[in-house]
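Engineer: For reference, this is run24.cif, and it has mmCIF, C-alpha atoms.
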```
data_run
#
loop_
_atom_site.group_PDB
_atom_site.id
_atom_site.type_symbol
_atom_site.label_atom_id
_atom_site.label_comp_id
_atom_site.auth_asym_id
_atom_site.auth_seq_id
_atom_site.Cartn_x
_atom_site.Cartn_y
_atom_site.Cartn_z
ATOM 1 C CA MET A 13 -42.018 -89.702 -104.593
ATOM 2 C CA LYS A 14 -43.451 -87.040 -102.306
ATOM 3 C CA ASN A 15 -46.647 -86.773 -104.371
ATOM 4 C CA SER A 16 -46.897 -90.502 -105.073
ATOM 5 C CA TRP A 17 -47.280 -91.791 -101.523
ATOM 6 C CA TRP A 18 -50.958 -92.635 -102.075
ATOM 7 C CA LYS A 19 -50.095 -94.688 -105.163
ATOM 8 C CA ILE A 20 -47.538 -96.669 -103.182
ATOM 9 C CA LEU A 21 -50.110 -97.092 -100.419
ATOM 10 C CA SER A 22 -52.623 -98.401 -102.963
ATOM 11 C CA VAL A 23 -50.179 -101.032 -104.226
ATOM 12 C CA VAL A 24 -49.232 -102.092 -100.699
ATOM 13 C CA LEU A 25 -52.854 -102.369 -99.566
ATOM 14 C CA LEU A 26 -53.916 -104.373 -102.618
ATOM 15 C CA ILE A 27 -50.959 -106.754 -102.346
ATOM 16 C CA TYR A 28 -51.884 -107.230 -98.694
ATOM 17 C CA THR A 29 -55.526 -107.775 -99.732
ATOM 18 C CA VAL A 30 -54.620 -110.485 -102.232
ATOM 19 C CA ILE A 31 -52.258 -112.295 -99.872
ATOM 20 C CA GLY A 32 -54.417 -111.891 -96.766
ATOM 21 C CA GLY A 33 -57.612 -112.569 -98.664
ATOM 22 C CA LEU A 34 -56.335 -115.908 -99.920
ATOM 23 C CA LEU A 35 -54.343 -117.104 -96.913
ATOM 24 C CA LEU A 36 -55.766 -115.680 -93.674
ATOM 25 C CA GLU A 37 -58.474 -117.498 -91.756
ATOM 26 C CA VAL A 38 -62.130 -116.812 -92.599
ATOM 27 C CA PRO A 39 -65.349 -117.913 -90.851
ATOM 28 C CA ARG A 40 -66.712 -121.320 -91.894
ATOM 29 C CA LEU A 41 -70.259 -120.603 -92.975
ATOM 30 C CA VAL A 42 -72.797 -122.997 -94.443
ATOM 31 C CA ILE A 43 -73.055 -122.891 -98.262
ATOM 32 C CA ILE A 44 -70.559 -120.006 -98.607
ATOM 33 C CA HIS A 45 -67.509 -121.809 -97.197
ATOM 34 C CA GLU A 46 -64.239 -120.596 -98.789
ATOM 35 C CA SER A 47 -66.069 -118.517 -101.400
ATOM 36 C CA ILE A 48 -66.530 -115.863 -98.717
ATOM 37 C CA ARG A 49 -63.028 -114.703 -99.654
ATOM 38 C CA ALA A 50 -64.613 -113.094 -102.722
ATOM 39 C CA LEU A 51 -65.974 -110.461 -100.351
ATOM 40 C CA TYR A 52 -62.496 -108.875 -100.219
ATOM 41 C CA PHE A 53 -62.713 -108.141 -103.950
ATOM 42 C CA HIS A 54 -66.409 -107.905 -104.830
ATOM 43 C CA VAL A 55 -67.693 -105.549 -102.135
ATOM 44 C CA PRO A 56 -64.694 -103.134 -102.056
ATOM 45 C CA MET A 57 -65.095 -102.663 -105.804
ATOM 46 C CA TRP A 58 -68.625 -101.421 -105.163
ATOM 47 C CA PHE A 59 -67.293 -99.029 -102.533
ATOM 48 C CA GLY A 60 -64.715 -97.854 -105.055
ATOM 49 C CA MET A 61 -67.410 -97.422 -107.714
ATOM 50 C CA VAL A 62 -69.602 -95.308 -105.444
ATOM 51 C CA PHE A 63 -66.603 -93.183 -104.419
ATOM 52 C CA LEU A 64 -65.596 -92.546 -108.052
ATOM 53 C CA PHE A 65 -69.156 -91.696 -109.088
ATOM 54 C CA LEU A 66 -69.438 -89.370 -106.103
ATOM 55 C CA VAL A 67 -66.300 -87.509 -107.204
ATOM 56 C CA SER A 68 -67.776 -87.307 -110.707
ATOM 57 C CA VAL A 69 -70.980 -85.793 -109.336
ATOM 58 C CA GLY A 70 -68.973 -83.292 -107.305
ATOM 59 C CA TYR A 71 -67.138 -82.038 -110.382
ATOM 60 C CA SER A 72 -70.379 -82.044 -112.394
ATOM 61 C CA ILE A 73 -71.895 -79.691 -109.820
ATOM 62 C CA ALA A 74 -68.701 -77.611 -109.918
ATOM 63 C CA TYR A 75 -69.068 -77.288 -113.694
ATOM 64 C CA LEU A 76 -72.681 -76.143 -113.432
ATOM 65 C CA ARG A 77 -71.568 -73.475 -110.987
ATOM 66 C CA ASN A 78 -68.393 -72.250 -112.732
ATOM 67 C CA HIS A 79 -68.616 -73.562 -116.333
ATOM 68 C CA GLN A 80 -64.931 -74.477 -116.465
ATOM 69 C CA GLN A 81 -64.217 -77.142 -119.065
ATOM 70 C CA ARG A 82 -61.659 -78.919 -116.906
ATOM 71 C CA PHE A 83 -64.396 -79.760 -114.382
ATOM 72 C CA ASP A 84 -66.346 -81.557 -117.102
ATOM 73 C CA THR A 85 -63.228 -83.475 -118.147
ATOM 74 C CA ILE A 86 -62.533 -84.581 -114.579
ATOM 75 C CA ALA A 87 -66.186 -85.547 -114.034
ATOM 76 C CA SER A 88 -66.283 -87.733 -117.141
ATOM 77 C CA THR A 89 -62.920 -89.308 -116.294
ATOM 78 C CA PHE A 90 -64.022 -90.376 -112.819
ATOM 79 C CA ALA A 91 -67.363 -91.600 -114.202
ATOM 80 C CA HIS A 92 -65.439 -93.736 -116.696
ATOM 81 C CA ALA A 93 -63.311 -95.278 -113.931
ATOM 82 C CA GLY A 94 -66.424 -95.799 -111.790
ATOM 83 C CA LEU A 95 -68.151 -97.626 -114.633
ATOM 84 C CA VAL A 96 -65.156 -99.961 -114.978
ATOM 85 C CA PHE A 97 -65.337 -100.750 -111.252
ATOM 86 C CA GLY A 98 -69.089 -101.290 -111.536
ATOM 87 C CA ILE A 99 -68.651 -103.823 -114.334
ATOM 88 C CA LEU A 100 -65.899 -105.582 -112.371
ATOM 89 C CA GLY A 101 -68.196 -105.630 -109.348
ATOM 90 C CA ILE A 102 -70.931 -107.312 -111.375
ATOM 91 C CA ILE A 103 -68.504 -109.887 -112.795
ATOM 92 C CA THR A 104 -67.022 -110.785 -109.406
ATOM 93 C CA GLY A 105 -70.526 -110.957 -107.969
ATOM 94 C CA MET A 106 -71.596 -113.345 -110.721
ATOM 95 C CA ILE A 107 -68.617 -115.591 -110.033
ATOM 96 C CA TRP A 108 -69.453 -115.613 -106.316
ATOM 97 C CA ALA A 109 -73.159 -116.217 -107.010
ATOM 98 C CA ASN A 110 -72.325 -119.171 -109.236
ATOM 99 C CA TYR A 111 -70.745 -120.968 -106.271
ATOM 100 C CA THR A 112 -73.224 -119.937 -103.587
ATOM 101 C CA TRP A 113 -76.565 -119.651 -105.408
ATOM 102 C CA GLY A 114 -75.974 -122.199 -108.182
ATOM 103 C CA SER A 115 -76.094 -119.740 -111.105
ATOM 104 C CA PRO A 116 -74.246 -116.552 -112.082
ATOM 105 C CA TRP A 117 -77.444 -114.515 -112.379
ATOM 106 C CA HIS A 118 -80.220 -115.258 -109.929
ATOM 107 C CA GLY A 119 -82.421 -112.227 -110.609
ATOM 108 C CA ASP A 120 -81.672 -110.919 -107.123
ATOM 109 C CA PRO A 121 -82.898 -107.316 -106.589
ATOM 110 C CA LYS A 122 -79.360 -106.075 -105.914
ATOM 111 C CA GLN A 123 -78.071 -107.786 -109.062
ATOM 112 C CA ASN A 124 -80.862 -106.234 -111.111
ATOM 113 C CA GLY A 125 -80.276 -102.843 -109.515
ATOM 114 C CA ALA A 126 -76.563 -103.034 -110.294
ATOM 115 C CA ALA A 127 -77.302 -103.941 -113.922
ATOM 116 C CA ILE A 128 -79.760 -101.049 -114.296
ATOM 117 C CA SER A 129 -77.272 -98.632 -112.718
ATOM 118 C CA THR A 130 -74.594 -99.778 -115.152
ATOM 119 C CA LEU A 131 -76.931 -99.190 -118.095
ATOM 120 C CA ILE A 132 -77.761 -95.719 -116.761
ATOM 121 C CA TYR A 133 -74.079 -94.792 -116.703
ATOM 122 C CA LEU A 134 -73.497 -96.362 -120.111
ATOM 123 C CA ALA A 135 -76.203 -94.006 -121.375
ATOM 124 C CA TYR A 136 -74.167 -91.146 -119.852
ATOM 125 C CA PHE A 137 -71.304 -91.889 -122.239
ATOM 126 C CA ILE A 138 -73.677 -92.418 -125.161
ATOM 127 C CA LEU A 139 -75.067 -88.956 -124.424
ATOM 128 C CA ARG A 140 -71.590 -87.450 -124.394
ATOM 129 C CA GLY A 141 -70.682 -89.144 -127.657
ATOM 130 C CA SER A 142 -73.818 -87.913 -129.403
ATOM 131 C CA LEU A 143 -73.127 -84.202 -128.832
ATOM 132 C CA ASP A 144 -70.534 -82.220 -130.795
ATOM 133 C CA ASN A 145 -70.840 -78.875 -129.039
ATOM 134 C CA PRO A 146 -68.452 -78.971 -126.032
ATOM 135 C CA GLU A 147 -70.488 -76.594 -123.877
ATOM 136 C CA GLN A 148 -73.775 -78.345 -124.564
ATOM 137 C CA ARG A 149 -72.157 -81.745 -123.961
ATOM 138 C CA ALA A 150 -70.658 -80.617 -120.667
ATOM 139 C CA ARG A 151 -73.874 -79.007 -119.418
ATOM 140 C CA LEU A 152 -76.165 -81.931 -120.276
ATOM 141 C CA SER A 153 -73.615 -84.460 -119.015
ATOM 142 C CA ALA A 154 -73.368 -82.653 -115.686
ATOM 143 C CA VAL A 155 -77.137 -82.693 -115.208
ATOM 144 C CA TYR A 156 -77.366 -86.344 -116.270
ATOM 145 C CA SER A 157 -74.503 -87.292 -113.922
ATOM 146 C CA ILE A 158 -76.449 -85.947 -110.953
ATOM 147 C CA PHE A 159 -79.550 -87.849 -112.078
ATOM 148 C CA ALA A 160 -77.560 -91.080 -112.606
ATOM 149 C CA PHE A 161 -76.020 -90.970 -109.134
ATOM 150 C CA ALA A 162 -79.373 -90.146 -107.517
ATOM 151 C CA ALA A 163 -80.903 -93.162 -109.291
ATOM 152 C CA MET A 164 -78.027 -95.520 -108.458
ATOM 153 C CA ILE A 165 -78.222 -95.118 -104.669
ATOM 154 C CA PRO A 166 -81.796 -96.449 -104.216
ATOM 155 C CA LEU A 167 -81.281 -99.119 -106.893
ATOM 156 C CA ILE A 168 -78.290 -100.632 -105.091
ATOM 157 C CA PHE A 169 -78.627 -99.697 -101.425
ATOM 158 C CA ILE A 170 -82.295 -99.000 -100.628
ATOM 159 C CA ILE A 171 -84.658 -101.053 -102.788
ATOM 160 C CA PRO A 172 -82.853 -104.397 -102.185
ATOM 161 C CA ARG A 173 -83.231 -103.858 -98.425
ATOM 162 C CA MET A 174 -86.975 -103.380 -98.821
ATOM 163 C CA THR A 175 -87.554 -106.505 -100.909
ATOM 164 C CA SER A 176 -86.742 -110.200 -100.698
ATOM 165 C CA SER A 177 -83.030 -110.549 -101.430
ATOM 166 C CA MET A 178 -80.375 -113.176 -100.855
ATOM 167 C CA HIS A 179 -77.659 -110.581 -100.293
ATOM 168 C CA PRO A 180 -76.492 -110.107 -96.678
ATOM 169 C CA GLY A 181 -78.158 -107.107 -95.099
ATOM 170 C CA SER A 182 -81.064 -107.188 -97.554
ATOM 171 C CA GLY A 183 -84.588 -108.541 -97.347
ATOM 172 C CA GLY A 184 -84.226 -109.426 -93.687
ATOM 173 C CA ASN A 185 -80.943 -111.300 -94.132
ATOM 174 C CA PRO A 186 -78.248 -110.483 -91.563
ATOM 175 C CA GLY A 187 -75.730 -107.819 -92.596
ATOM 176 C CA PHE A 188 -71.955 -107.996 -92.655
ATOM 177 C CA ASN A 189 -71.529 -107.252 -88.969
ATOM 178 C CA MET A 190 -73.623 -110.283 -87.970
ATOM 179 C CA TYR A 191 -72.975 -112.696 -90.794
ATOM 180 C CA ASP A 192 -70.004 -112.159 -93.087
ATOM 181 C CA LEU A 193 -67.732 -109.549 -91.619
ATOM 182 C CA ASP A 194 -66.606 -110.843 -88.236
ATOM 183 C CA SER A 195 -63.409 -109.803 -86.464
ATOM 184 C CA ARG A 196 -61.290 -112.159 -88.566
ATOM 185 C CA MET A 197 -62.219 -110.418 -91.811
ATOM 186 C CA ARG A 198 -62.150 -106.751 -90.877
ATOM 187 C CA PRO A 199 -58.311 -106.464 -90.922
ATOM 188 C CA VAL A 200 -58.377 -107.363 -94.629
ATOM 189 C CA PHE A 201 -61.725 -105.931 -95.700
ATOM 190 C CA TYR A 202 -61.185 -102.310 -94.655
ATOM 191 C CA PRO A 203 -57.687 -102.011 -96.190
ATOM 192 C CA ALA A 204 -59.165 -103.561 -99.345
ATOM 193 C CA VAL A 205 -61.815 -100.820 -99.508
ATOM 194 C CA VAL A 206 -59.181 -98.084 -99.200
ATOM 195 C CA GLY A 207 -56.875 -99.838 -101.657
ATOM 196 C CA TRP A 208 -59.523 -100.164 -104.381
ATOM 197 C CA MET A 209 -60.600 -96.539 -103.911
ATOM 198 C CA LEU A 210 -57.010 -95.374 -104.320
ATOM 199 C CA LEU A 211 -56.543 -97.593 -107.364
ATOM 200 C CA GLY A 212 -59.661 -96.151 -108.966
ATOM 201 C CA THR A 213 -58.394 -92.629 -108.313
ATOM 202 C CA TRP A 214 -55.039 -93.601 -109.817
ATOM 203 C CA ILE A 215 -56.695 -94.971 -112.961
ATOM 204 C CA ALA A 216 -58.792 -91.822 -113.311
ATOM 205 C CA SER A 217 -55.745 -89.557 -112.844
ATOM 206 C CA VAL A 218 -53.792 -91.442 -115.533
ATOM 207 C CA ARG A 219 -56.686 -91.174 -117.983
ATOM 208 C CA LEU A 220 -57.053 -87.490 -117.122
ATOM 209 C CA ARG A 221 -53.399 -86.823 -117.933
ATOM 210 C CA ILE A 222 -53.799 -88.650 -121.256
ATOM 211 C CA LEU A 223 -56.815 -86.513 -122.160
ATOM 212 C CA GLN A 224 -54.996 -83.321 -121.170
ATOM 213 C CA ALA A 225 -51.996 -84.318 -123.283
ATOM 214 C CA GLU A 226 -54.265 -84.983 -126.261
ATOM 215 C CA GLU A 227 -55.873 -81.561 -125.829
ATOM 216 C CA LYS A 228 -52.467 -79.862 -125.770
ATOM 217 C CA ILE A 229 -51.423 -81.711 -128.936
ATOM 218 C CA LEU A 230 -54.609 -80.591 -130.690
ATOM 219 C CA ASP A 231 -54.023 -76.987 -129.561
ATOM 220 C CA LEU A 232 -50.434 -77.073 -130.852
ATOM 221 C CA GLU A 233 -51.566 -78.486 -134.191
ATOM 222 C CA TYR A 234 -54.236 -75.803 -134.420
ATOM 223 C CA GLU A 235 -51.722 -73.031 -133.700
ATOM 224 C CA LYS A 236 -49.316 -74.541 -136.210
ATOM 225 C CA ASN A 237 -51.920 -74.613 -138.990
ATOM 226 C CA LYS A 238 -53.210 -71.071 -138.391
#
```
Using the file provided, produce a representation of the structure as structure tokens.
Structural biologist:
Amino acid sequence: MKNSWWKILSVVLLIYTVIGGLLLEVPRLVIIHESIRALYFHVPMWFGMVFLFLVSVGYSIAYLRNHQQRFDTIASTFAHAGLVFGILGIITGMIWANYTWGSPWHGDPKQNGAAISTLIYLAYFILRGSLDNPEQRARLSAVYSIFAFAAMIPLIFIIPRMTSSMHPGSGGNPGFNMYDLDSRMRPVFYPAVVGWMLLGTWIASVRLRILQAEEKILDLEYEKNK
């Protein structure tokens, strides 16, 4: 229980997000109306994705410095969880866009940037699966992880702000502080961001323990067959 407080906090925050996101009052905006409640789920998932990819990059750099295999395992595990959040972010964004823009995919610069970023990280796992040598796989994956994160940031956060975009805060449109995220939404939005980040970390930690258990089983089988 002592080491699981953050897991309990994640569950509490996400339950609060679901209940508050569906029941608490939201601003009545033209076109968006009640669909603005999707912001509690769509945007925090992107925050969670960026956080998980950032952790992955951190451990990728740690591997390049120390060449410890466990750093590569942690980096790939967090990248996997980040990719899941990225795909969920795209899906929730498509659902929201269908109600506000009239179609799930409008060709918006941020949508296109998110799709390209997802493909870049999918290529990361294709790269890992194509290499048999553990050291070579870890080294190339670490370098590619840094490249992928460096490419994702301008694709999602910079380029859409410089071009015509329907997303709030992009292409001259007002940002969250002026348009979407008024004082009535902040008490749910910020806990949602923390909750999704903690959930992503939880998912990554579970997958990491599974991978470590599989490695121990393989080592035991190897020792047994020697």
Engineer: Residues near A:Val38, anyone? I mean within 8 Å using all atoms listed in the file, not counting same-chain ones fewer than 3 positions away, as a PyMOL selection string.
Structural biologist: chain A and resi 46+48-49+196-197
Engineer: With all atoms listed in the file as the counted atoms, please give the residues lying no more than 7 Å from A:Leu76, apart from itself and same-chain residues fewer than 4 positions off, as a PyMOL selection string.
Structural biologist: chain A and resi 72+151+154
Engineer: Using the chain letters and residue numbers of this document, give as a PyMOL selection string the residues selected by the PyMOL selection byres ((chain A and resi 156-165) around 9).
Structural biologist: chain A and resi 62+65-66+68-70+72-73+87-88+91+125-126+128-130+132-133+136+139+151-155+166-171
Engineer: I'd like the interatomic distance between atom CA of A:Val30 and atom CA of A:Leu95, to a tenth of an Å.
Structural biologist: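 Distance between the two atoms: 22.4 Å.
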Engineer: What does the structure give for the distance between atom CA of A:Gly94 and atom CA of A:Met61, in Å to one decimal?
Structural biologist: 4.5 Å
Engineer: If I put a ball of radius 9 Å at (-64.8, -80.3, -119.3) in the file's coordinates, which residues poke into it when counting all atoms listed in the file, written as a PDB file with C-alpha atoms, in the frame of the given file?
Structural biologist:
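That gives us selection28.pdb:
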```pdb
ATOM      1  CA  TYR A  75     -69.068 -77.288-113.694  1.00  0.00           C
ATOM      2  CA  HIS A  79     -68.616 -73.562-116.333  1.00  0.00           C
ATOM      3  CA  GLN A  80     -64.931 -74.477-116.465  1.00  0.00           C
ATOM      4  CA  GLN A  81     -64.217 -77.142-119.065  1.00  0.00           C
ATOM      5  CA  ARG A  82     -61.659 -78.919-116.906  1.00  0.00           C
ATOM      6  CA  PHE A  83     -64.396 -79.760-114.382  1.00  0.00           C
ATOM      7  CA  ASP A  84     -66.346 -81.557-117.102  1.00  0.00           C
ATOM      8  CA  THR A  85     -63.228 -83.475-118.147  1.00  0.00           C
ATOM      9  CA  ILE A  86     -62.533 -84.581-114.579  1.00  0.00           C
ATOM     10  CA  ALA A  87     -66.186 -85.547-114.034  1.00  0.00           C
ATOM     11  CA  SER A  88     -66.283 -87.733-117.141  1.00  0.00           C
ATOM     12  CA  PRO A 146     -68.452 -78.971-126.032  1.00  0.00           C
ATOM     13  CA  GLU A 147     -70.488 -76.594-123.877  1.00  0.00           C
ATOM     14  CA  ARG A 149     -72.157 -81.745-123.961  1.00  0.00           C
ATOM     15  CA  ALA A 150     -70.658 -80.617-120.667  1.00  0.00           C
TER      16      ALA A 150
END
```
Engineer: Compare A:Leu143, A:Ala50, A:Ile107, A:Ile20 by their minimum atom-to-atom distance to A:Leu34, counting all atoms listed in the file, and give me the closest one.
Structural biologist: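 For A:Leu34, the nearest of the candidates is A:Ala50.
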Engineer: Residues near A:Trp58, anyone? I mean within 9 Å using all atoms listed in the file, not counting same-chain ones fewer than 4 positions away, as a PyMOL selection string.
Structural biologist: chain A and resi 54+62-63+94+97-98+100-102+205
Engineer: Report the residues retrieved by the PyMOL selection byres ((chain A and resi 52) around 8) from the displayed file, expressed as a PyMOL selection string.
Structural biologist: chain A and resi 29+33+49-51+53-56+200-201+204
Engineer: A:Ala135, A:Ser142, A:Gln123, A:Lys19: which is nearest A:Ala109, counting only C-alpha atoms?
Structural biologist: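 Ranked by minimum distance to A:Ala109, first place goes to A:Gln123.
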Engineer: Could you tell me how far atom CA of A:Thr89 sits from atom CA of A:Arg219, in Å to one decimal place?
Structural biologist: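 Computing it gives 6.7 Å between the two atoms.
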Engineer: Using all atoms listed in the file, which protein or nucleic acid residues come within 12 Å of A:Val218? Drop anything in the same chain fewer than 2 positions from it, and give the result as a PyMOL selection string.
Structural biologist: chain A and resi 19+86+89-90+92-93+211-216+220-225
Engineer: Rank nothing, just name the residue among A:Tyr111, A:Asn237, A:Gly141, A:Gly32 nearest to A:Ser47, using all atoms listed in the file.
Structural biologist: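 Of the candidates, the smallest distance to A:Ser47 is held by A:Tyr111.
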Engineer: With the input short on atoms, add N, CA and C atoms back to stretch 115-139 of chain A and write it as a PDB file, in the frame of the given file.
Structural biologist:
```
ATOM      1  N   SER A 115     -76.070-120.324-109.763  1.00  0.00           N
ATOM      2  CA  SER A 115     -76.094-119.740-111.105  1.00  0.00           C
ATOM      3  C   SER A 115     -75.494-118.331-111.034  1.00  0.00           C
ATOM      4  N   PRO A 116     -74.866-117.884-112.104  1.00  0.00           N
ATOM      5  CA  PRO A 116     -74.246-116.552-112.082  1.00  0.00           C
ATOM      6  C   PRO A 116     -75.246-115.418-111.906  1.00  0.00           C
ATOM      7  N   TRP A 117     -76.438-115.585-112.470  1.00  0.00           N
ATOM      8  CA  TRP A 117     -77.444-114.515-112.379  1.00  0.00           C
ATOM      9  C   TRP A 117     -78.726-115.108-111.831  1.00  0.00           C
ATOM     10  N   HIS A 118     -79.075-114.681-110.630  1.00  0.00           N
ATOM     11  CA  HIS A 118     -80.220-115.258-109.929  1.00  0.00           C
ATOM     12  C   HIS A 118     -81.438-114.352-109.976  1.00  0.00           C
ATOM     13  N   GLY A 119     -81.315-113.177-110.596  1.00  0.00           N
ATOM     14  CA  GLY A 119     -82.421-112.227-110.609  1.00  0.00           C
ATOM     15  C   GLY A 119     -82.632-111.560-109.273  1.00  0.00           C
ATOM     16  N   ASP A 120     -81.595-111.564-108.433  1.00  0.00           N
ATOM     17  CA  ASP A 120     -81.672-110.919-107.123  1.00  0.00           C
ATOM     18  C   ASP A 120     -81.866-109.409-107.302  1.00  0.00           C
ATOM     19  N   PRO A 121     -82.653-108.754-106.437  1.00  0.00           N
ATOM     20  CA  PRO A 121     -82.898-107.316-106.589  1.00  0.00           C
ATOM     21  C   PRO A 121     -81.615-106.482-106.653  1.00  0.00           C
ATOM     22  N   LYS A 122     -80.600-106.854-105.881  1.00  0.00           N
ATOM     23  CA  LYS A 122     -79.360-106.075-105.914  1.00  0.00           C
ATOM     24  C   LYS A 122     -78.622-106.308-107.228  1.00  0.00           C
ATOM     25  N   GLN A 123     -78.673-107.524-107.753  1.00  0.00           N
ATOM     26  CA  GLN A 123     -78.071-107.786-109.062  1.00  0.00           C
ATOM     27  C   GLN A 123     -78.776-106.973-110.146  1.00  0.00           C
ATOM     28  N   ASN A 124     -80.099-106.990-110.117  1.00  0.00           N
ATOM     29  CA  ASN A 124     -80.862-106.234-111.111  1.00  0.00           C
ATOM     30  C   ASN A 124     -80.609-104.737-110.978  1.00  0.00           C
ATOM     31  N   GLY A 125     -80.540-104.257-109.730  1.00  0.00           N
ATOM     32  CA  GLY A 125     -80.276-102.843-109.515  1.00  0.00           C
ATOM     33  C   GLY A 125     -78.899-102.439-110.019  1.00  0.00           C
ATOM     34  N   ALA A 126     -77.916-103.312-109.805  1.00  0.00           N
ATOM     35  CA  ALA A 126     -76.563-103.034-110.294  1.00  0.00           C
ATOM     36  C   ALA A 126     -76.537-102.998-111.817  1.00  0.00           C
ATOM     37  N   ALA A 127     -77.252-103.914-112.458  1.00  0.00           N
ATOM     38  CA  ALA A 127     -77.302-103.941-113.922  1.00  0.00           C
ATOM     39  C   ALA A 127     -77.964-102.680-114.469  1.00  0.00           C
ATOM     40  N   ILE A 128     -79.068-102.258-113.847  1.00  0.00           N
ATOM     41  CA  ILE A 128     -79.760-101.049-114.296  1.00  0.00           C
ATOM     42  C   ILE A 128     -78.874 -99.825-114.108  1.00  0.00           C
ATOM     43  N   SER A 129     -78.175 -99.763-112.977  1.00  0.00           N
ATOM     44  CA  SER A 129     -77.272 -98.632-112.718  1.00  0.00           C
ATOM     45  C   SER A 129     -76.164 -98.573-113.757  1.00  0.00           C
ATOM     46  N   THR A 130     -75.632 -99.732-114.129  1.00  0.00           N
ATOM     47  CA  THR A 130     -74.594 -99.778-115.152  1.00  0.00           C
ATOM     48  C   THR A 130     -75.115 -99.265-116.483  1.00  0.00           C
ATOM     49  N   LEU A 131     -76.334 -99.662-116.851  1.00  0.00           N
ATOM     50  CA  LEU A 131     -76.931 -99.190-118.095  1.00  0.00           C
ATOM     51  C   LEU A 131     -77.168 -97.680-118.062  1.00  0.00           C
ATOM     52  N   ILE A 132     -77.547 -97.163-116.892  1.00  0.00           N
ATOM     53  CA  ILE A 132     -77.761 -95.719-116.761  1.00  0.00           C
ATOM     54  C   ILE A 132     -76.467 -94.965-117.019  1.00  0.00           C
ATOM     55  N   TYR A 133     -75.356 -95.473-116.485  1.00  0.00           N
ATOM     56  CA  TYR A 133     -74.079 -94.792-116.703  1.00  0.00           C
ATOM     57  C   TYR A 133     -73.526 -95.036-118.099  1.00  0.00           C
ATOM     58  N   LEU A 134     -73.864 -96.165-118.705  1.00  0.00           N
ATOM     59  CA  LEU A 134     -73.497 -96.362-120.111  1.00  0.00           C
ATOM     60  C   LEU A 134     -74.209 -95.332-120.983  1.00  0.00           C
ATOM     61  N   ALA A 135     -75.457 -95.029-120.639  1.00  0.00           N
ATOM     62  CA  ALA A 135     -76.203 -94.006-121.375  1.00  0.00           C
ATOM     63  C   ALA A 135     -75.549 -92.635-121.214  1.00  0.00           C
ATOM     64  N   TYR A 136     -74.898 -92.405-120.075  1.00  0.00           N
ATOM     65  CA  TYR A 136     -74.167 -91.146-119.852  1.00  0.00           C
ATOM     66  C   TYR A 136     -73.104 -90.952-120.914  1.00  0.00           C
ATOM     67  N   PHE A 137     -72.363 -92.011-121.235  1.00  0.00           N
ATOM     68  CA  PHE A 137     -71.304 -91.889-122.239  1.00  0.00           C
ATOM     69  C   PHE A 137     -71.872 -91.861-123.654  1.00  0.00           C
ATOM     70  N   ILE A 138     -73.009 -92.525-123.871  1.00  0.00           N
ATOM     71  CA  ILE A 138     -73.677 -92.418-125.161  1.00  0.00           C
ATOM     72  C   ILE A 138     -74.130 -90.981-125.395  1.00  0.00           C
ATOM     73  N   LEU A 139     -74.652 -90.358-124.338  1.00  0.00           N
ATOM     74  CA  LEU A 139     -75.067 -88.956-124.424  1.00  0.00           C
ATOM     75  C   LEU A 139     -73.887 -88.063-124.776  1.00  0.00           C
TER      76      LEU A 139
END
```
